[in-house]
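Text of input.pdb, listed as PDB, C-alpha atoms, pLDDT in the B column:
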```
ATOM      1  CA  MET N  82      76.113 124.311 123.644  1.00 72.00           C
ATOM      2  CA  ILE N  83      75.785 128.103 123.951  1.00 78.00           C
ATOM      3  CA  GLN N  84      78.921 128.355 126.084  1.00 83.00           C
ATOM      4  CA  ALA N  85      80.822 126.033 123.755  1.00 84.00           C
ATOM      5  CA  THR N  86      79.820 128.221 120.801  1.00 87.00           C
ATOM      6  CA  ALA N  87      80.953 131.324 122.680  1.00 88.00           C
ATOM      7  CA  LEU N  88      84.361 129.760 123.391  1.00 89.00           C
ATOM      8  CA  PHE N  89      84.717 128.555 119.815  1.00 88.00           C
ATOM      9  CA  THR N  90      83.665 131.907 118.341  1.00 89.00           C
ATOM     10  CA  HIS N  91      86.053 133.779 120.616  1.00 89.00           C
ATOM     11  CA  ALA N  92      88.975 131.557 119.596  1.00 90.00           C
ATOM     12  CA  LEU N  93      88.231 131.980 115.883  1.00 90.00           C
ATOM     13  CA  ASN N  94      87.654 135.717 116.241  1.00 90.00           C
ATOM     14  CA  MET N  95      91.123 136.134 117.760  1.00 89.00           C
ATOM     15  CA  LEU N  96      92.601 134.437 114.691  1.00 90.00           C
ATOM     16  CA  PHE N  97      90.557 135.974 111.881  1.00 86.00           C
ATOM     17  CA  HIS N  98      89.638 139.419 113.210  1.00 86.00           C
ATOM     18  CA  ALA N  99      92.966 140.691 111.864  1.00 85.00           C
ATOM     19  CA  PRO N 100      94.425 137.960 109.617  1.00 89.00           C
ATOM     20  CA  SER N 101      97.493 140.013 108.701  1.00 90.00           C
ATOM     21  CA  THR N 102      98.370 140.407 112.387  1.00 90.00           C
ATOM     22  CA  THR N 103      97.874 136.688 113.018  1.00 91.00           C
ATOM     23  CA  LEU N 104     100.174 135.854 110.107  1.00 92.00           C
ATOM     24  CA  ARG N 105     102.788 138.335 111.306  1.00 92.00           C
ATOM     25  CA  VAL N 106     102.796 136.772 114.768  1.00 92.00           C
ATOM     26  CA  ILE N 107     103.195 133.173 113.610  1.00 93.00           C
ATOM     27  CA  LEU N 108     105.209 133.863 110.432  1.00 94.00           C
ATOM     28  CA  PRO N 109     108.529 132.507 111.803  1.00 93.00           C
ATOM     29  CA  ALA N 110     106.813 129.228 112.666  1.00 94.00           C
ATOM     30  CA  VAL N 111     105.009 129.059 109.308  1.00 94.00           C
ATOM     31  CA  LEU N 112     108.307 129.525 107.446  1.00 94.00           C
ATOM     32  CA  TRP N 113     109.930 126.905 109.680  1.00 93.00           C
ATOM     33  CA  VAL N 114     107.217 124.279 109.091  1.00 93.00           C
ATOM     34  CA  MET N 115     106.816 124.918 105.378  1.00 92.00           C
ATOM     35  CA  GLY N 116     110.586 125.010 104.945  1.00 91.00           C
ATOM     36  CA  ALA N 117     110.885 121.601 106.584  1.00 90.00           C
ATOM     37  CA  ALA N 118     108.119 120.263 104.312  1.00 89.00           C
ATOM     38  CA  ALA N 119     109.815 121.713 101.209  1.00 87.00           C
ATOM     39  CA  ALA N 120     113.167 120.228 102.234  1.00 86.00           C
ATOM     40  CA  ALA N 121     111.549 116.827 102.699  1.00 82.00           C
ATOM     41  CA  GLY N 122     109.950 117.047  99.259  1.00 77.00           C
ATOM     42  CA  LEU N 123     113.200 118.067  97.559  1.00 80.00           C
ATOM     43  CA  LEU N 124     115.621 115.791  99.404  1.00 76.00           C
ATOM     44  CA  ALA N 125     113.455 112.762 100.168  1.00 67.00           C
ATOM     45  CA  GLY N 126     110.942 112.625  97.325  1.00 68.00           C
ATOM     46  CA  ASP N 127     111.551 108.903  96.728  1.00 68.00           C
ATOM     47  CA  ALA N 128     110.842 108.133 100.394  1.00 66.00           C
ATOM     48  CA  LEU N 129     107.598 110.111 100.259  1.00 68.00           C
ATOM     49  CA  GLY N 130     106.559 108.310  97.080  1.00 66.00           C
ATOM     50  CA  ALA N 131     107.355 104.931  98.610  1.00 63.00           C
ATOM     51  CA  MET N 132     105.204 105.754 101.639  1.00 62.00           C
ATOM     52  CA  ASP N 133     102.285 106.489  99.307  1.00 60.00           C
ATOM     53  CA  GLN N 134     102.778 103.138  97.559  1.00 59.00           C
ATOM     54  CA  VAL N 135     103.347 100.992 100.640  1.00 52.00           C
ATOM     55  CA  ILE N 136     100.146  99.035  99.928  1.00 46.00           C
ATOM     56  CA  GLU N 137     101.491  98.191  96.485  1.00 50.00           C
ATOM     57  CA  ASN N 138     104.642  96.640  97.999  1.00 53.00           C
ATOM     58  CA  ALA N 139     106.920  99.247  96.473  1.00 54.00           C
ATOM     59  CA  ALA N 140     110.665  98.892  96.892  1.00 58.00           C
ATOM     60  CA  PRO N 141     111.930 100.410 100.161  1.00 63.00           C
ATOM     61  CA  PRO N 142     113.345 103.932  99.790  1.00 64.00           C
ATOM     62  CA  PRO N 143     117.038 104.693 100.376  1.00 68.00           C
ATOM     63  CA  ALA N 144     117.950 104.722 104.063  1.00 71.00           C
ATOM     64  CA  GLY N 145     119.533 108.160 103.711  1.00 74.00           C
ATOM     65  CA  GLN N 146     116.244 109.631 102.498  1.00 75.00           C
ATOM     66  CA  LEU N 147     114.392 108.064 105.408  1.00 80.00           C
ATOM     67  CA  LEU N 148     116.770 109.789 107.809  1.00 85.00           C
ATOM     68  CA  ILE N 149     116.206 113.094 106.003  1.00 82.00           C
ATOM     69  CA  LEU N 150     112.456 112.548 106.216  1.00 83.00           C
ATOM     70  CA  ILE N 151     112.661 111.871 109.954  1.00 86.00           C
ATOM     71  CA  ALA N 152     114.846 114.945 110.517  1.00 89.00           C
ATOM     72  CA  CYS N 153     112.442 117.149 108.532  1.00 86.00           C
ATOM     73  CA  GLY N 154     109.509 115.690 110.439  1.00 88.00           C
ATOM     74  CA  LEU N 155     111.108 116.517 113.781  1.00 93.00           C
ATOM     75  CA  ALA N 156     111.946 120.010 112.542  1.00 92.00           C
ATOM     76  CA  GLY N 157     108.324 120.470 111.487  1.00 91.00           C
ATOM     77  CA  ILE N 158     107.074 119.395 114.915  1.00 93.00           C
ATOM     78  CA  LEU N 159     109.365 121.946 116.567  1.00 95.00           C
ATOM     79  CA  GLY N 160     107.965 124.554 114.183  1.00 94.00           C
ATOM     80  CA  TYR N 161     104.450 123.723 115.356  1.00 94.00           C
ATOM     81  CA  ALA N 162     105.633 124.164 118.956  1.00 94.00           C
ATOM     82  CA  LEU N 163     107.037 127.595 118.078  1.00 95.00           C
ATOM     83  CA  MET N 164     103.722 128.566 116.488  1.00 95.00           C
ATOM     84  CA  ALA N 165     101.846 127.617 119.656  1.00 95.00           C
ATOM     85  CA  ILE N 166     104.267 129.512 121.901  1.00 95.00           C
ATOM     86  CA  LEU N 167     104.089 132.666 119.799  1.00 94.00           C
ATOM     87  CA  TRP N 168     100.300 132.687 119.707  1.00 95.00           C
ATOM     88  CA  HIS N 169      99.857 131.852 123.406  1.00 94.00           C
ATOM     89  CA  ARG N 170     102.261 134.619 124.398  1.00 94.00           C
ATOM     90  CA  TYR N 171     100.957 137.234 121.975  1.00 93.00           C
ATOM     91  CA  VAL N 172      97.373 136.868 123.214  1.00 92.00           C
ATOM     92  CA  LEU N 173      97.959 136.231 126.917  1.00 92.00           C
ATOM     93  CA  LEU N 174     100.583 138.969 127.269  1.00 90.00           C
ATOM     94  CA  ASP N 175      98.141 141.433 125.707  1.00 83.00           C
ATOM     95  CA  HIS N 176      99.847 141.865 122.342  1.00 80.00           C
ATOM     96  CA  ASP N 177     103.199 142.852 123.834  1.00 75.00           C
ATOM     97  CA  ARG N 178     105.831 142.847 121.058  1.00 75.00           C
ATOM     98  CA  SER N 179     108.406 141.344 123.448  1.00 74.00           C
ATOM     99  CA  ALA N 180     106.136 138.291 123.676  1.00 73.00           C
ATOM    100  CA  LEU N 181     107.293 137.354 120.175  1.00 79.00           C
ATOM    101  CA  ARG N 182     110.867 136.809 121.373  1.00 82.00           C
ATOM    102  CA  PRO N 183     110.688 133.787 123.671  1.00 84.00           C
ATOM    103  CA  GLY N 184     114.044 132.529 124.909  1.00 86.00           C
ATOM    104  CA  MET N 185     115.476 129.122 124.063  1.00 91.00           C
ATOM    105  CA  GLY N 186     115.041 128.000 127.668  1.00 91.00           C
ATOM    106  CA  LEU N 187     111.310 128.695 127.513  1.00 92.00           C
ATOM    107  CA  PHE N 188     111.062 127.046 124.082  1.00 94.00           C
ATOM    108  CA  TRP N 189     112.626 123.784 125.238  1.00 94.00           C
ATOM    109  CA  ALA N 190     110.649 123.837 128.487  1.00 93.00           C
ATOM    110  CA  TYR N 191     107.495 124.065 126.365  1.00 94.00           C
ATOM    111  CA  VAL N 192     108.619 121.195 124.136  1.00 94.00           C
ATOM    112  CA  TRP N 193     109.361 119.055 127.192  1.00 93.00           C
ATOM    113  CA  ARG N 194     105.905 119.806 128.623  1.00 92.00           C
ATOM    114  CA  ALA N 195     104.348 118.872 125.294  1.00 92.00           C
ATOM    115  CA  ILE N 196     106.226 115.555 125.284  1.00 93.00           C
ATOM    116  CA  VAL N 197     105.097 114.740 128.830  1.00 90.00           C
ATOM    117  CA  LEU N 198     101.540 115.750 127.996  1.00 90.00           C
ATOM    118  CA  GLY N 199     101.579 113.614 124.855  1.00 88.00           C
ATOM    119  CA  PHE N 200     102.707 110.584 126.853  1.00 89.00           C
ATOM    120  CA  VAL N 201      99.964 111.123 129.447  1.00 86.00           C
ATOM    121  CA  GLN N 202      97.356 111.504 126.720  1.00 83.00           C
ATOM    122  CA  PHE N 203      98.613 108.346 125.037  1.00 85.00           C
ATOM    123  CA  LEU N 204      98.183 106.350 128.251  1.00 86.00           C
ATOM    124  CA  ALA N 205      94.742 107.841 128.861  1.00 77.00           C
ATOM    125  CA  ALA N 206      93.687 107.200 125.269  1.00 77.00           C
ATOM    126  CA  ILE N 207      94.391 103.451 125.436  1.00 81.00           C
ATOM    127  CA  PRO N 208      91.121 102.597 127.234  1.00 79.00           C
ATOM    128  CA  ILE N 209      89.217 104.886 124.844  1.00 71.00           C
ATOM    129  CA  GLY N 210      90.678 103.056 121.863  1.00 73.00           C
ATOM    130  CA  LEU N 211      89.902  99.657 123.387  1.00 78.00           C
ATOM    131  CA  ALA N 212      86.336 100.759 124.090  1.00 73.00           C
ATOM    132  CA  MET N 213      85.916 101.861 120.476  1.00 70.00           C
ATOM    133  CA  LEU N 214      87.245  98.519 119.225  1.00 72.00           C
ATOM    134  CA  LEU N 215      84.870  96.657 121.520  1.00 74.00           C
ATOM    135  CA  LEU N 216      81.966  98.794 120.376  1.00 67.00           C
ATOM    136  CA  GLY N 217      82.874  98.122 116.773  1.00 65.00           C
ATOM    137  CA  GLY N 218      82.934  94.387 117.419  1.00 66.00           C
ATOM    138  CA  LEU N 219      79.512  94.483 119.067  1.00 64.00           C
ATOM    139  CA  THR N 220      77.782  96.681 116.497  1.00 63.00           C
ATOM    140  CA  GLY N 221      79.235  95.225 113.305  1.00 60.00           C
ATOM    141  CA  SER N 222      81.467  96.665 110.599  1.00 62.00           C
ATOM    142  CA  SER N 223      79.100  98.437 108.214  1.00 64.00           C
ATOM    143  CA  PRO N 224      80.446 101.694 106.711  1.00 67.00           C
ATOM    144  CA  ALA N 225      77.868 103.788 108.572  1.00 65.00           C
ATOM    145  CA  THR N 226      78.739 102.127 111.895  1.00 67.00           C
ATOM    146  CA  LEU N 227      82.472 102.548 111.365  1.00 66.00           C
ATOM    147  CA  LEU N 228      81.949 106.205 110.437  1.00 67.00           C
ATOM    148  CA  LEU N 229      79.923 106.830 113.591  1.00 71.00           C
ATOM    149  CA  ILE N 230      82.481 105.063 115.787  1.00 69.00           C
ATOM    150  CA  GLY N 231      85.251 107.060 114.127  1.00 70.00           C
ATOM    151  CA  LEU N 232      83.440 110.317 114.842  1.00 75.00           C
ATOM    152  CA  VAL N 233      82.833 109.341 118.478  1.00 76.00           C
ATOM    153  CA  ALA N 234      86.484 108.373 118.895  1.00 77.00           C
ATOM    154  CA  GLY N 235      87.612 111.622 117.243  1.00 78.00           C
ATOM    155  CA  VAL N 236      85.500 113.696 119.620  1.00 85.00           C
ATOM    156  CA  ALA N 237      86.793 111.733 122.620  1.00 83.00           C
ATOM    157  CA  PHE N 238      90.401 112.205 121.512  1.00 84.00           C
ATOM    158  CA  LEU N 239      89.792 115.959 121.218  1.00 88.00           C
ATOM    159  CA  TRP N 240      87.971 116.261 124.556  1.00 90.00           C
ATOM    160  CA  LEU N 241      90.873 114.697 126.429  1.00 89.00           C
ATOM    161  CA  PRO N 242      93.516 117.240 125.275  1.00 90.00           C
ATOM    162  CA  LEU N 243      91.088 120.067 126.002  1.00 92.00           C
ATOM    163  CA  ARG N 244      90.949 118.869 129.610  1.00 92.00           C
ATOM    164  CA  LEU N 245      94.685 118.304 130.004  1.00 92.00           C
ATOM    165  CA  SER N 246      96.450 120.831 127.787  1.00 91.00           C
ATOM    166  CA  LEU N 247      96.209 124.044 129.808  1.00 94.00           C
ATOM    167  CA  VAL N 248      99.740 123.133 130.854  1.00 95.00           C
ATOM    168  CA  LEU N 249     100.878 124.338 127.419  1.00 95.00           C
ATOM    169  CA  PRO N 250      99.779 128.000 127.507  1.00 95.00           C
ATOM    170  CA  ALA N 251     101.051 128.043 131.092  1.00 95.00           C
ATOM    171  CA  ALA N 252     104.440 126.794 129.908  1.00 94.00           C
ATOM    172  CA  ALA N 253     104.475 129.410 127.117  1.00 94.00           C
ATOM    173  CA  LEU N 254     104.217 132.073 129.823  1.00 93.00           C
ATOM    174  CA  GLY N 255     106.983 130.473 131.874  1.00 90.00           C
ATOM    175  CA  HIS N 256     104.602 129.086 134.504  1.00 92.00           C
ATOM    176  CA  VAL N 257     104.500 125.531 135.803  1.00 88.00           C
ATOM    177  CA  MET N 258     101.144 123.755 135.760  1.00 92.00           C
ATOM    178  CA  SER N 259     100.657 120.038 136.289  1.00 91.00           C
ATOM    179  CA  VAL N 260      98.347 117.884 134.196  1.00 90.00           C
ATOM    180  CA  ARG N 261      96.259 117.332 137.325  1.00 91.00           C
ATOM    181  CA  ASP N 262      95.920 121.094 137.784  1.00 94.00           C
ATOM    182  CA  SER N 263      94.686 121.414 134.188  1.00 94.00           C
ATOM    183  CA  TRP N 264      92.151 118.631 134.754  1.00 93.00           C
ATOM    184  CA  ARG N 265      90.843 120.373 137.865  1.00 94.00           C
ATOM    185  CA  ALA N 266      90.748 123.808 136.240  1.00 94.00           C
ATOM    186  CA  THR N 267      88.637 122.536 133.331  1.00 94.00           C
ATOM    187  CA  GLU N 268      86.244 120.581 135.562  1.00 93.00           C
ATOM    188  CA  PRO N 269      83.581 123.363 135.553  1.00 91.00           C
ATOM    189  CA  LEU N 270      83.441 123.140 131.745  1.00 91.00           C
ATOM    190  CA  ALA N 271      83.745 119.356 131.435  1.00 90.00           C
ATOM    191  CA  GLY N 272      80.351 119.040 129.759  1.00 90.00           C
ATOM    192  CA  THR N 273      80.835 122.126 127.609  1.00 91.00           C
ATOM    193  CA  LEU N 274      84.124 120.756 126.318  1.00 92.00           C
ATOM    194  CA  TRP N 275      82.298 117.782 124.778  1.00 92.00           C
ATOM    195  CA  ALA N 276      80.327 120.190 122.589  1.00 91.00           C
ATOM    196  CA  LEU N 277      83.508 122.119 121.879  1.00 90.00           C
ATOM    197  CA  ALA N 278      85.232 118.894 120.823  1.00 91.00           C
ATOM    198  CA  VAL N 279      82.400 118.289 118.349  1.00 89.00           C
ATOM    199  CA  LEU N 280      82.917 121.752 116.830  1.00 87.00           C
ATOM    200  CA  LEU N 281      86.655 121.141 116.519  1.00 87.00           C
ATOM    201  CA  ALA N 282      85.977 117.745 114.943  1.00 85.00           C
ATOM    202  CA  VAL N 283      83.805 119.461 112.327  1.00 83.00           C
ATOM    203  CA  VAL N 284      86.664 121.850 111.503  1.00 82.00           C
ATOM    204  CA  ASN N 285      89.108 118.947 111.197  1.00 80.00           C
ATOM    205  CA  THR N 286      86.684 117.067 108.937  1.00 79.00           C
ATOM    206  CA  LEU N 287      86.214 120.087 106.672  1.00 80.00           C
ATOM    207  CA  LEU N 288      89.974 120.530 106.366  1.00 77.00           C
ATOM    208  CA  GLY N 289      90.273 116.842 105.528  1.00 76.00           C
ATOM    209  CA  VAL N 290      87.691 117.250 102.762  1.00 76.00           C
ATOM    210  CA  ILE N 291      89.598 120.238 101.395  1.00 76.00           C
ATOM    211  CA  ALA N 292      92.813 118.219 101.416  1.00 72.00           C
ATOM    212  CA  SER N 293      91.161 115.380  99.487  1.00 74.00           C
ATOM    213  CA  MET N 294      89.800 117.804  96.884  1.00 77.00           C
ATOM    214  CA  LEU N 295      93.129 119.580  96.334  1.00 72.00           C
ATOM    215  CA  LEU N 296      95.321 116.488  96.401  1.00 69.00           C
ATOM    216  CA  PRO N 297      98.294 117.106  94.054  1.00 68.00           C
ATOM    217  CA  ALA N 298     100.043 114.180  92.388  1.00 68.00           C
ATOM    218  CA  ASP N 299     103.555 115.134  93.466  1.00 73.00           C
ATOM    219  CA  PRO N 300     104.360 113.745  96.963  1.00 72.00           C
ATOM    220  CA  GLY N 301     106.367 116.834  97.898  1.00 72.00           C
ATOM    221  CA  LEU N 302     103.569 119.229  96.979  1.00 78.00           C
ATOM    222  CA  ARG N 303     101.098 116.987  98.772  1.00 80.00           C
ATOM    223  CA  LEU N 304     103.238 117.133 101.919  1.00 82.00           C
ATOM    224  CA  MET N 305     103.366 120.930 101.750  1.00 83.00           C
ATOM    225  CA  LEU N 306      99.577 121.120 101.343  1.00 84.00           C
ATOM    226  CA  ASP N 307      99.077 118.746 104.269  1.00 84.00           C
ATOM    227  CA  SER N 308     101.518 120.771 106.369  1.00 87.00           C
ATOM    228  CA  LEU N 309      99.639 123.994 105.612  1.00 87.00           C
ATOM    229  CA  LEU N 310      96.284 122.447 106.529  1.00 87.00           C
ATOM    230  CA  TYR N 311      97.754 120.968 109.721  1.00 88.00           C
ATOM    231  CA  LEU N 312      99.056 124.442 110.566  1.00 90.00           C
ATOM    232  CA  ILE N 313      95.544 125.853 110.264  1.00 89.00           C
ATOM    233  CA  GLU N 314      94.057 122.972 112.233  1.00 88.00           C
ATOM    234  CA  GLY N 315      96.729 123.284 114.913  1.00 90.00           C
ATOM    235  CA  LEU N 316      96.335 127.049 115.129  1.00 93.00           C
ATOM    236  CA  VAL N 317      92.598 126.721 115.750  1.00 91.00           C
ATOM    237  CA  PHE N 318      93.284 124.239 118.566  1.00 93.00           C
ATOM    238  CA  VAL N 319      96.054 126.422 120.020  1.00 94.00           C
ATOM    239  CA  SER N 320      93.734 129.440 119.964  1.00 94.00           C
ATOM    240  CA  MET N 321      91.121 127.343 121.767  1.00 94.00           C
ATOM    241  CA  LEU N 322      93.617 126.450 124.500  1.00 95.00           C
ATOM    242  CA  THR N 323      94.592 130.120 124.753  1.00 95.00           C
ATOM    243  CA  THR N 324      90.930 131.064 125.177  1.00 93.00           C
ATOM    244  CA  LEU N 325      90.371 128.403 127.844  1.00 94.00           C
ATOM    245  CA  TYR N 326      93.477 129.436 129.763  1.00 94.00           C
ATOM    246  CA  GLY N 327      92.551 133.099 129.683  1.00 93.00           C
ATOM    247  CA  HIS N 328      88.974 132.371 130.733  1.00 92.00           C
ATOM    248  CA  LEU N 329      89.542 129.700 133.383  1.00 92.00           C
ATOM    249  CA  ILE N 330      92.929 130.632 134.825  1.00 93.00           C
ATOM    250  CA  GLU N 331      93.108 134.401 134.323  1.00 91.00           C
ATOM    251  CA  GLY N 332      89.375 135.114 134.603  1.00 88.00           C
ATOM    252  CA  ARG N 333      89.026 136.859 131.244  1.00 87.00           C
ATOM    253  CA  GLU N 334      85.626 137.477 129.724  1.00 83.00           C
ATOM    254  CA  LEU N 335      84.645 135.931 126.405  1.00 79.00           C
ATOM    255  CA  GLY N 336      83.160 139.109 124.974  1.00 65.00           C
TER
END
```
Structure re-expressed in structure tokens:
Amino acid sequence: MIQATALFTHALNMLFHAPSTTLRVILPAVLWVMGAAAAAGLLAGDALGAMDQVIENAAPPPAGQLLILIACGLAGILGYALMAILWHRYVLLDHDRSALRPGMGLFWAYVWRAIVLGFVQFLAAIPIGLAMLLLGGLTGSSPATLLLIGLVAGVAFLWLPLRLSLVLPAAALGHVMSVRDSWRATEPLAGTLWALAVLLAVVNTLLGVIASMLLPADPGLRLMLDSLLYLIEGLVFVSMLTTLYGHLIEGRELG
């Protein structure tokens, strides 16, 4: 647990030691993501409202708004990718200003790696999901049991990307790393990463609580709030991957 805490503290310290610098580095991505969320709220508000009322059998939203919502969603995902690239490069290239100007070739190579990684994680997560369903069937469906199973599943789904996702900071630097190479590189910290996944799950839970407390009535504003919280959550995870890559691949100290 001590090593997991050291990794977690190091990742957070990189983000919050100089908040203005962190914001300056990722600002293009923040504007991209929040702009996509604002566009979705302005141009596809009916679609967002219908999604909130799907349980109430609301009338389906206009097809045109659904297409706008999908386009804004894809744009937002690309914005998250840009945020990850900028932060990986800024830290791992030792705060070099040129690191903040990645080329389009590197950007799309990173996105492709992320897609491949997501597919691999999806396949690997299937047995985890089936195991959780089986466990739920064996232990009953009380609220406490379901909460515990949900927490266990959440930790497992975080541990897996921590083992596989070193390919992403590598791609941000223009290097090629296979998923198998990432798995092997993280093997010495396999146990530590379980504790680290628990810490990340706590952060995600706290952000979820904040979101539920600040839930605005307007679907567009709610989407922007969710996007902002997902940015924070994603940035913490990206900083964790950056820390792991620097420590395991480049031999950097955690001090």
#### Entry: Who sits within 7 Å of stretch 276-291 of chain N, only C-alpha atoms, same chain under 5 positions skipped, as an MDAnalysis selection string
chainID N and resid 82 85 89 235:236 239:240 310 314
Output of the above residues as a PDB file, in the frame of the given file, restricted to C-alpha atoms:
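In the end it all went to part.pdb:
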```pdb
ATOM      1  CA  MET N  82      76.113 124.311 123.644  1.00 72.00           C
ATOM      2  CA  ALA N  85      80.822 126.033 123.755  1.00 84.00           C
ATOM      3  CA  PHE N  89      84.717 128.555 119.815  1.00 88.00           C
ATOM      4  CA  GLY N 235      87.612 111.622 117.243  1.00 78.00           C
ATOM      5  CA  VAL N 236      85.500 113.696 119.620  1.00 85.00           C
ATOM      6  CA  LEU N 239      89.792 115.959 121.218  1.00 88.00           C
ATOM      7  CA  TRP N 240      87.971 116.261 124.556  1.00 90.00           C
ATOM      8  CA  LEU N 310      96.284 122.447 106.529  1.00 87.00           C
ATOM      9  CA  GLU N 314      94.057 122.972 112.233  1.00 88.00           C
TER      10      GLU N 314
END
```
### Task
Provide the atom CA of N:Leu329 to atom CA of N:Thr267 distance in Å, to one decimal place.
7.2 Å
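The coordinates place atom CA of N:Ile207 at 28.2 Å from atom CA of N:Ala292.
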### Message
Going by the chain IDs and residue numbers used in this file, which residues fall under the PyMOL selection byres ((chain N and resi 111) around 10)? Write them as a PyMOL selection string.
### Response
chain N and resi 104-110+112-117+157+160-161+163-164+308-309+312
Please, which residues are within 12 Å of (96.9, 116.0, 136.2) by the file's coordinates, counting all atoms listed in the file, and could they come as a tab-separated table (two decimals) with C-alpha atoms, keeping the file's coordinate frame?
```
chain	number	residue	atom	x	y	z
N	197	VAL	CA	105.10	114.74	128.83
N	198	LEU	CA	101.54	115.75	128.00
N	201	VAL	CA	99.96	111.12	129.45
N	202	GLN	CA	97.36	111.50	126.72
N	205	ALA	CA	94.74	107.84	128.86
N	241	LEU	CA	90.87	114.70	126.43
N	242	PRO	CA	93.52	117.24	125.28
N	244	ARG	CA	90.95	118.87	129.61
N	245	LEU	CA	94.68	118.30	130.00
N	246	SER	CA	96.45	120.83	127.79
N	247	LEU	CA	96.21	124.04	129.81
N	248	VAL	CA	99.74	123.13	130.85
N	258	MET	CA	101.14	123.76	135.76
N	259	SER	CA	100.66	120.04	136.29
N	260	VAL	CA	98.35	117.88	134.20
N	261	ARG	CA	96.26	117.33	137.32
N	262	ASP	CA	95.92	121.09	137.78
N	263	SER	CA	94.69	121.41	134.19
N	264	TRP	CA	92.15	118.63	134.75
N	265	ARG	CA	90.84	120.37	137.86
N	266	ALA	CA	90.75	123.81	136.24
N	267	THR	CA	88.64	122.54	133.33
N	268	GLU	CA	86.24	120.58	135.56
```
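Each of N:Leu187, N:Ala121, N:Leu88, N:Ile83 was compared to N:Leu249 using all atoms listed in the file, and N:Leu187 turns out to be the nearest.
Counting from atom CA of N:Ala118, the distance to atom CA of N:His169 is 23.8 Å.
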### Query
From the set N:Ile313, N:Met213, N:Met305, N:Leu335, which residue has the shortest atom-to-atom contact distance to N:Ala120, counting all atoms listed in the file?
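Comparing N:Ile313, N:Met213, N:Met305, N:Leu335 against N:Ala120, the winner is N:Met305.
Comparing N:Gly255, N:Gly315, N:Gly231, N:Gly210 by their smallest distance to N:Met185, the closest is N:Gly255 (using all atoms listed in the file).
The result of the PyMOL selection byres ((chain N and resi 193) around 12) on the shown file is Leu159, Ala162, Gly186, Leu187, Phe188, Trp189, Ala190, Tyr191, Val192, Arg194, Ala195, Ile196, Val197, Leu198, Gly199, Phe200, Val248, Leu249, Ala252, Ala253 and Val257 of chain N.
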### Message
Measuring between all atoms listed in the file, which one of N:Leu174, N:Gly332, N:Ser320, N:Ala119 shows the shortest distance to N:Gly154?
### Response
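Checking each candidate against N:Gly154, we get N:Ala119 as the closest.
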#### Entry: Selected residue of minimal separation from N:Arg333 among N:Leu173, N:Leu211, N:Val233, N:Leu316, counting all atoms listed in the file
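Closest candidate: N:Leu173.
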What are the centre and edge lengths in Å, to one decimal, of the axis-aligned box around all listed atoms of stretch 258-268 of chain N with 6 Å added on each side, as JSON?
```
{"center_x": 93.7, "center_y": 120.6, "center_z": 135.6, "size_x": 26.9, "size_y": 18.5, "size_z": 16.5}
```
#### Entry: Pick from N:Leu214, N:Ile330, N:Val317, N:Ile166 nearest to N:Thr90, counting only C-alpha atoms
N:Val317
### Expansion of the PyMOL selection byres ((chain N and resi 182) around 10) into residues, as a ChimeraX atom specification
/N:166-167,170-171,178-181,183-185
